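Below is data.cif, which holds mmCIF, C-alpha atoms.
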data_protein
loop_
_atom_site.label_atom_id
_atom_site.label_comp_id
_atom_site.auth_asym_id
_atom_site.auth_seq_id
_atom_site.Cartn_x
_atom_site.Cartn_y
_atom_site.Cartn_z
CA MET A 1 -6.40 10.12 17.24
CA ALA A 2 -5.87 9.31 13.56
CA GLU A 3 -4.75 5.80 12.67
CA LEU A 4 -2.39 5.32 9.75
CA VAL A 5 -2.91 2.04 7.88
CA PHE A 6 -1.16 0.64 4.81
CA LEU A 7 -3.39 -1.59 2.69
CA LYS A 8 -2.09 -3.76 -0.14
CA LEU A 9 -4.44 -5.37 -2.64
CA GLY A 10 -2.47 -8.40 -3.76
CA GLY A 11 -1.92 -9.27 -7.39
CA SER A 12 -3.33 -12.75 -6.77
CA LEU A 13 -6.61 -11.14 -5.75
CA ILE A 14 -7.08 -8.40 -8.34
CA THR A 15 -5.72 -10.36 -11.34
CA ASP A 16 -5.64 -13.91 -12.63
CA LYS A 17 -1.96 -14.76 -12.25
CA THR A 18 -2.20 -17.85 -14.44
CA GLY A 19 -2.75 -15.66 -17.52
CA GLU A 20 -1.18 -12.45 -18.81
CA SER A 21 -2.67 -9.01 -18.16
CA VAL A 22 -5.94 -10.50 -16.92
CA ALA A 23 -7.63 -8.19 -14.42
CA ARG A 24 -10.61 -8.96 -12.17
CA PRO A 25 -12.62 -5.74 -12.54
CA ARG A 26 -15.55 -6.87 -10.41
CA VAL A 27 -13.23 -7.71 -7.52
CA ILE A 28 -11.40 -4.40 -7.91
CA ARG A 29 -14.66 -2.47 -7.89
CA ARG A 30 -15.98 -4.34 -4.84
CA LEU A 31 -12.78 -3.70 -2.91
CA ALA A 32 -12.96 0.00 -3.80
CA ARG A 33 -16.52 0.10 -2.42
CA GLU A 34 -15.34 -1.56 0.79
CA VAL A 35 -12.51 0.93 1.22
CA ARG A 36 -14.92 3.83 0.64
CA ALA A 37 -17.36 2.43 3.21
CA ALA A 38 -14.56 2.07 5.77
CA LEU A 39 -13.37 5.63 5.20
CA ASN A 40 -16.94 6.86 5.65
CA LYS A 41 -17.22 4.95 8.93
CA ARG A 42 -13.76 5.96 10.14
CA PRO A 43 -13.08 9.61 9.23
CA ASP A 44 -9.99 9.41 11.46
CA LEU A 45 -8.47 6.71 9.23
CA LYS A 46 -5.42 7.69 7.21
CA LEU A 47 -4.76 5.26 4.39
CA VAL A 48 -1.89 4.49 2.05
CA LEU A 49 -3.20 2.14 -0.62
CA GLY A 50 -0.94 -0.18 -2.58
CA HIS A 51 -1.38 -3.03 -5.02
CA GLY A 52 0.62 -5.83 -6.56
CA SER A 53 1.23 -6.29 -10.28
CA GLY A 54 -0.14 -9.81 -10.60
CA SER A 55 -0.46 -11.06 -14.16
CA PHE A 56 0.46 -7.63 -15.51
CA GLY A 57 3.94 -6.68 -14.27
CA HIS A 58 5.13 -10.07 -13.00
CA VAL A 59 4.66 -11.90 -16.29
CA VAL A 60 6.62 -9.32 -18.27
CA ALA A 61 9.29 -8.98 -15.57
CA SER A 62 9.76 -12.74 -15.52
CA ARG A 63 10.23 -12.73 -19.29
CA TYR A 64 13.03 -10.16 -19.14
CA GLY A 65 14.55 -11.01 -15.74
CA THR A 66 14.10 -7.38 -14.69
CA ARG A 67 14.28 -8.04 -10.94
CA LYS A 68 17.90 -9.23 -11.28
CA GLY A 69 19.13 -6.16 -13.13
CA VAL A 70 18.93 -4.38 -16.47
CA ARG A 71 21.72 -4.35 -19.03
CA GLY A 72 21.53 -3.74 -22.78
CA PRO A 73 18.85 -2.43 -25.16
CA GLU A 74 16.55 -5.47 -24.94
CA ALA A 75 16.58 -5.46 -21.15
CA TRP A 76 15.84 -1.73 -21.06
CA ARG A 77 12.96 -2.26 -23.46
CA GLY A 78 11.71 -4.87 -21.00
CA PHE A 79 12.12 -2.36 -18.18
CA ALA A 80 9.80 0.01 -20.03
CA GLU A 81 7.32 -2.77 -20.79
CA VAL A 82 7.17 -3.81 -17.11
CA ALA A 83 6.52 -0.18 -16.15
CA ASP A 84 3.76 0.01 -18.73
CA ALA A 85 2.12 -3.21 -17.53
CA ALA A 86 2.19 -2.05 -13.90
CA ALA A 87 0.77 1.32 -14.91
CA ARG A 88 -2.10 -0.25 -16.86
CA LEU A 89 -3.25 -2.21 -13.82
CA ASN A 90 -2.75 0.87 -11.67
CA GLY A 91 -5.05 2.77 -14.00
CA LEU A 92 -7.81 0.22 -13.50
CA ILE A 93 -7.54 0.49 -9.74
CA ARG A 94 -7.29 4.27 -9.82
CA GLU A 95 -10.39 4.52 -12.01
CA ALA A 96 -12.42 2.20 -9.74
CA CYS A 97 -11.41 4.17 -6.65
CA ILE A 98 -12.24 7.53 -8.18
CA GLN A 99 -15.61 6.24 -9.36
CA GLU A 100 -16.36 5.12 -5.79
CA GLY A 101 -15.41 8.51 -4.40
CA ILE A 102 -11.96 7.65 -3.02
CA PRO A 103 -9.58 10.55 -3.75
CA VAL A 104 -6.58 8.46 -4.74
CA LEU A 105 -3.40 10.03 -6.06
CA SER A 106 -1.17 7.63 -7.97
CA LEU A 107 2.49 7.98 -6.94
CA PRO A 108 4.62 5.47 -8.90
CA PRO A 109 7.88 4.35 -7.27
CA SER A 110 9.59 4.52 -10.66
CA ALA A 111 9.44 8.31 -10.30
CA LEU A 112 10.08 8.51 -6.54
CA ALA A 113 12.55 5.76 -5.63
CA ARG A 114 16.08 4.46 -6.17
CA CYS A 115 17.64 1.09 -5.43
CA GLU A 116 21.12 -0.27 -4.86
CA LYS A 117 21.78 -3.95 -5.63
CA GLY A 118 18.06 -4.63 -5.53
CA GLU A 119 17.47 -2.90 -2.19
CA LEU A 120 15.23 0.15 -1.95
CA THR A 121 17.46 2.89 -0.56
CA LYS A 122 15.68 6.15 -1.41
CA LEU A 123 12.06 7.15 -1.74
CA ASP A 124 10.74 10.70 -1.81
CA LEU A 125 8.26 10.88 1.06
CA ALA A 126 7.16 14.46 0.47
CA PRO A 127 4.41 13.74 -2.11
CA ILE A 128 3.00 10.95 0.07
CA ASN A 129 2.94 13.07 3.21
CA LEU A 130 1.48 16.05 1.35
CA ALA A 131 -1.21 13.85 -0.16
CA LEU A 132 -2.21 12.55 3.28
CA LYS A 133 -2.22 16.08 4.69
CA ALA A 134 -4.56 17.14 1.89
CA GLY A 135 -6.99 14.31 2.68
CA LEU A 136 -5.99 12.24 -0.34
CA VAL A 137 -5.19 8.53 -0.47
CA PRO A 138 -1.70 7.90 -1.88
CA LEU A 139 -1.74 4.96 -4.31
CA VAL A 140 1.57 3.12 -4.69
CA ARG A 141 2.49 -0.13 -6.40
CA GLY A 142 5.19 -2.60 -7.23
CA ASP A 143 7.21 -0.94 -9.97
CA VAL A 144 10.46 -0.73 -11.88
CA VAL A 145 13.12 1.37 -10.18
CA PHE A 146 16.53 2.59 -11.35
CA ASP A 147 19.37 0.85 -9.51
CA SER A 148 22.82 2.38 -8.99
CA ALA A 149 24.56 -1.01 -9.28
CA TRP A 150 22.30 -3.07 -11.51
CA GLY A 151 20.93 -0.40 -13.84
CA GLY A 152 17.36 -1.21 -12.94
CA THR A 153 15.32 -3.61 -10.84
CA ILE A 154 11.85 -4.04 -9.36
CA ALA A 155 10.66 -2.79 -5.98
CA SER A 156 7.68 -4.73 -4.69
CA THR A 157 4.77 -3.10 -2.89
CA GLU A 158 6.10 -4.71 0.30
CA ASP A 159 9.49 -3.08 -0.33
CA VAL A 160 7.75 0.28 -0.60
CA PHE A 161 5.66 -0.36 2.53
CA VAL A 162 8.75 -1.37 4.54
CA TYR A 163 10.55 1.82 3.56
CA LEU A 164 7.51 3.96 4.35
CA ALA A 165 6.87 2.18 7.66
CA GLN A 166 10.32 3.08 8.93
CA GLU A 167 9.60 6.76 8.32
CA MET A 168 5.85 7.06 8.93
CA SER A 169 5.13 4.51 11.71
CA PRO A 170 1.77 3.04 10.61
CA ALA A 171 -0.28 1.19 13.21
CA ARG A 172 -1.12 -1.65 10.82
CA ILE A 173 -0.13 -3.10 7.47
CA LEU A 174 -2.88 -5.14 5.82
CA LEU A 175 -1.78 -7.55 3.08
CA VAL A 176 -4.91 -8.75 1.30
CA GLY A 177 -4.67 -11.66 -1.13
CA ASP A 178 -6.59 -14.68 -2.36
CA VAL A 179 -5.79 -16.98 0.58
CA PRO A 180 -7.18 -16.65 4.14
CA GLY A 181 -3.75 -16.32 5.75
CA VAL A 182 -0.60 -18.37 6.28
CA PHE A 183 -1.21 -22.12 6.40
CA GLY A 184 0.39 -24.36 9.02
CA GLN A 185 2.94 -27.04 8.22
CA THR A 186 0.58 -29.97 8.80
CA SER A 187 -2.49 -28.57 7.07
CA VAL A 188 -3.35 -26.74 3.88
CA THR A 189 -6.64 -25.60 5.41
CA ARG A 190 -5.66 -24.48 8.91
CA VAL A 191 -4.52 -20.87 9.11
CA VAL A 192 -1.88 -19.96 11.68
CA PRO A 193 -3.44 -17.06 13.63
CA VAL A 194 -0.18 -15.51 14.90
CA ILE A 195 3.44 -15.74 13.77
CA THR A 196 6.31 -14.17 15.68
CA PRO A 197 10.07 -14.31 15.10
CA ALA A 198 10.20 -16.98 17.83
CA THR A 199 7.63 -19.23 16.13
CA PHE A 200 8.65 -18.64 12.52
CA ALA A 201 11.01 -21.61 12.32
CA SER A 202 8.18 -24.01 13.09
CA ILE A 203 6.01 -22.86 10.19
CA SER A 204 8.63 -21.82 7.61
CA PRO A 205 8.75 -25.28 5.91
CA ALA A 206 5.08 -24.83 4.99
CA LEU A 207 5.65 -21.55 3.18
CA SER A 208 5.84 -21.65 -0.57
CA GLY A 209 6.21 -19.26 -3.43
CA ALA A 210 3.29 -17.89 -5.40
CA ARG A 211 1.07 -19.51 -7.98
CA GLY A 212 1.73 -18.09 -11.42
CA ALA A 213 4.52 -15.64 -12.19
CA ASP A 214 5.90 -13.80 -9.17
CA VAL A 215 9.36 -12.27 -9.41
CA THR A 216 9.29 -11.01 -5.80
CA GLY A 217 9.15 -14.32 -3.96
CA GLY A 218 5.54 -15.01 -2.99
CA MET A 219 4.35 -15.75 0.54
CA ALA A 220 7.70 -16.93 1.89
CA ALA A 221 9.42 -13.66 1.02
CA LYS A 222 6.44 -11.65 2.27
CA VAL A 223 6.40 -13.26 5.73
CA THR A 224 10.17 -13.11 6.16
CA GLN A 225 10.32 -9.45 5.16
CA MET A 226 7.41 -8.41 7.35
CA LEU A 227 8.64 -10.30 10.41
CA SER A 228 11.91 -8.44 10.12
CA LEU A 229 9.95 -5.19 10.03
CA VAL A 230 7.87 -5.92 13.14
CA GLU A 231 11.03 -6.89 15.02
CA ARG A 232 12.32 -3.38 14.38
CA HIS A 233 8.94 -1.77 15.10
CA PRO A 234 7.31 -3.81 17.90
CA ARG A 235 4.08 -1.77 17.98
CA LEU A 236 3.35 -2.54 14.34
CA VAL A 237 0.87 -5.28 13.42
CA VAL A 238 1.06 -6.90 9.98
CA HIS A 239 -2.16 -8.70 9.05
CA ILE A 240 -2.35 -11.20 6.17
CA LEU A 241 -5.90 -12.02 5.11
CA SER A 242 -8.21 -12.85 2.23
CA GLY A 243 -10.01 -10.29 0.12
CA LYS A 244 -12.27 -12.92 -1.44
CA THR A 245 -14.88 -12.72 1.33
CA PRO A 246 -17.16 -9.75 0.61
CA GLY A 247 -17.10 -7.17 3.38
CA LEU A 248 -14.03 -8.51 5.18
CA VAL A 249 -11.63 -5.80 4.05
CA GLN A 250 -14.14 -3.17 5.14
CA ARG A 251 -14.51 -4.78 8.57
CA VAL A 252 -10.77 -5.08 9.15
CA LEU A 253 -10.15 -1.49 8.11
CA ILE A 254 -12.77 -0.31 10.59
CA ALA A 255 -11.76 -2.55 13.51
CA SER A 256 -8.30 -3.97 14.22
CA ASP A 257 -9.60 -6.82 16.38
CA VAL A 258 -11.50 -8.76 13.69
CA SER A 259 -10.56 -12.42 14.18
CA THR A 260 -9.36 -13.60 10.78
CA GLY A 261 -6.20 -14.35 8.86
CA THR A 262 -2.65 -14.34 10.21
CA ARG A 263 -1.08 -11.59 12.29
CA LEU A 264 2.68 -11.04 12.34
CA LEU A 265 3.76 -9.69 15.73
CA ALA A 266 7.05 -8.87 17.38
CA ARG A 267 6.23 -11.21 20.28
#

Could you rewrite the structure in this file as structure tokens?
Amino acid sequence: MAELVFLKLGGSLITDKTGESVARPRVIRRLAREVRAALNKRPDLKLVLGHGSGSFGHVVASRYGTRKGVRGPEAWRGFAEVADAAARLNGLIREACIQEGIPVLSLPPSALARCEKGELTKLDLAPINLALKAGLVPLVRGDVVFDSAWGGTIASTEDVFVYLAQEMSPARILLVGDVPGVFGQTSVTRVVPVITPATFASISPALSGARGADVTGGMAAKVTQMLSLVERHPRLVVHILSGKTPGLVQRVLIASDVSTGTRLLAR
């Protein structure tokens, strides 16, 4: 039976978030090779690939305050600049994937989605489902989105994944960044292997935002959002792990029981 997996390549991994528009092409290319190897090993694997904006979209969005709404000519110019920055990084990832033989199809949320007061309320699933049916790998990203109340805003890759998960029921969501998982409250080196809604309160003081510009809240927002999702979909496993170790993404895509990182579970 086919397994549907959502994989996000975090902005902290594929870019240098302490600069502006600084990509890590060698990392991107290695990750593309690992995804290709996993797809070769697991022909039953259905994949939706996403990526963060890192030092591309987040820096520009922070400058214009795009996440909080768009009003006036300058803000709309910023809206366009954020879209451009996100698209430039998307192009680098798309090119690396195509060169490695992954048939990605870029589907930007700016063209597919709508928000209301910062919440993603509509997203056209048809192109994503048709791409999967055709054997393609849909490629989504954090992006600007028109908002019925605020004019415009930003939908993160996690926002997109949450919306898709409620309609498509993936088995796993893999969030791959530059840290090995979620650290415990008493240690910056010990990774908490499992977090559930019942245990979240004990580790929440240790969560922090992101290094560098991040208009979507960093690790704290990520864990909170994903725990809410697994509560609603108890069979779903959300796995937070590092993409810095060569071969790890490939291994986790192939086998769900690889012991690494932090898993978010309903119980």

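CA of Val48 in chain A is positioned 7.8 Å from CA of Leu4 in chain A.
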
Given the PyMOL selection byres ((chain A and resi 243) around 8), the residues it picks as a PyMOL selection string: chain A and resi 9+13+31+176-179+241-242+244-246+248-249

Explicit residue set for the PyMOL selection byres ((chain A and resi 60-76) around 9), as number ranges by chain: A: 20, 55-59, 77-82, 85, 117-118, 144, 146-147, 149-155, 213-216

Using the chain letters and numbers from the file, which residues does the PyMOL selection byres ((chain A and resi 103) around 9) grab, as a tab-separated table (two decimals) with C-alpha atoms, in the coordinates of the input?
chain	number	residue	atom	x	y	z
A	97	CYS	CA	-11.41	4.17	-6.65
A	98	ILE	CA	-12.24	7.53	-8.18
A	100	GLU	CA	-16.36	5.12	-5.79
A	101	GLY	CA	-15.41	8.51	-4.40
A	102	ILE	CA	-11.96	7.65	-3.02
A	104	VAL	CA	-6.58	8.46	-4.74
A	105	LEU	CA	-3.40	10.03	-6.06
A	135	GLY	CA	-6.99	14.31	2.68
A	136	LEU	CA	-5.99	12.24	-0.34
A	137	VAL	CA	-5.19	8.53	-0.47
A	138	PRO	CA	-1.70	7.90	-1.88

Contacts of range 92-94 of chain A at 8 Å (only C-alpha atoms; same-chain gap of 6+ positions) as a ChimeraX atom specification: /A:25,28-29,104-106,139

Spatial neighbours of Leu112 in chain A, max dist 9 Å, only C-alpha atoms, sep filter under 3 positions, as a ChimeraX atom specification: /A:107-109,122-125,127,145

Nearest to Gln250 in chain A by atom-to-atom distance, counting only C-alpha atoms, from A:Asp143, A:Glu167, A:Glu34, A:Asp84: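 Once distances to Gln250 in chain A are computed over only C-alpha atoms, the minimum belongs to A:Glu34.
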
Given only C-alpha atoms as the counted atoms, nearest of A:Lys222, A:Arg33, A:Arg88, A:His51 to Val140 in chain A: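 Closest to Val140 in chain A, using only C-alpha atoms: A:His51.
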
Selected residue, from A:Leu175, A:Met219, A:Val22, A:Val160, that lies nearest to Arg114 in chain A when counting all atoms listed in the file: A:Val160

As a PDB file with C-alpha atoms, in the frame of the given file, please: the residues near Pro193 in chain A (cut-off 9 Å, only C-alpha atoms, same-chain neighbours under 2 positions excluded).
ATOM      1  CA  GLY A 181      -3.750 -16.320   5.750  1.00  0.00           C
ATOM      2  CA  VAL A 182      -0.600 -18.370   6.280  1.00  0.00           C
ATOM      3  CA  VAL A 191      -4.520 -20.870   9.110  1.00  0.00           C
ATOM      4  CA  ILE A 195       3.440 -15.740  13.770  1.00  0.00           C
ATOM      5  CA  SER A 259     -10.560 -12.420  14.180  1.00  0.00           C
ATOM      6  CA  THR A 260      -9.360 -13.600  10.780  1.00  0.00           C
ATOM      7  CA  GLY A 261      -6.200 -14.350   8.860  1.00  0.00           C
ATOM      8  CA  THR A 262      -2.650 -14.340  10.210  1.00  0.00           C
ATOM      9  CA  ARG A 263      -1.080 -11.590  12.290  1.00  0.00           C
ATOM     10  CA  LEU A 264       2.680 -11.040  12.340  1.00  0.00           C
TER      11      LEU A 264
END

Interatomic distance (Å, one decimal) between CA of Val192 in chain A and CA of Ile254 in chain A: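 These two atoms are separated by 22.5 Å.
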
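Contact shell of Met226 in chain A at 9 Å (all atoms listed in the file; same-chain neighbours under 3 positions omitted): Glu158, Val162, Ala221, Lys222, Val223, Leu229, Val230, Glu231, Val238 and Leu264 of chain A.
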
Residue with smallest distance to Val252 in chain A - pool A:Leu89, A:Leu207, A:Ala38, A:Ala220, counting all atoms listed in the file: A:Ala38

For Gly54 in chain A, please output as a short mmCIF file (atom, residue, chain, number, x, y, z; two decimals) with C-alpha atoms, in the frame of the given file all residues within 7 Å (counting only C-alpha atoms; exclusion window: fewer than 6 positions along the same chain).
data_model
loop_
_atom_site.label_atom_id
_atom_site.label_comp_id
_atom_site.auth_asym_id
_atom_site.auth_seq_id
_atom_site.Cartn_x
_atom_site.Cartn_y
_atom_site.Cartn_z
CA GLY A 11 -1.92 -9.27 -7.39
CA SER A 12 -3.33 -12.75 -6.77
CA THR A 15 -5.72 -10.36 -11.34
CA LYS A 17 -1.96 -14.76 -12.25
#
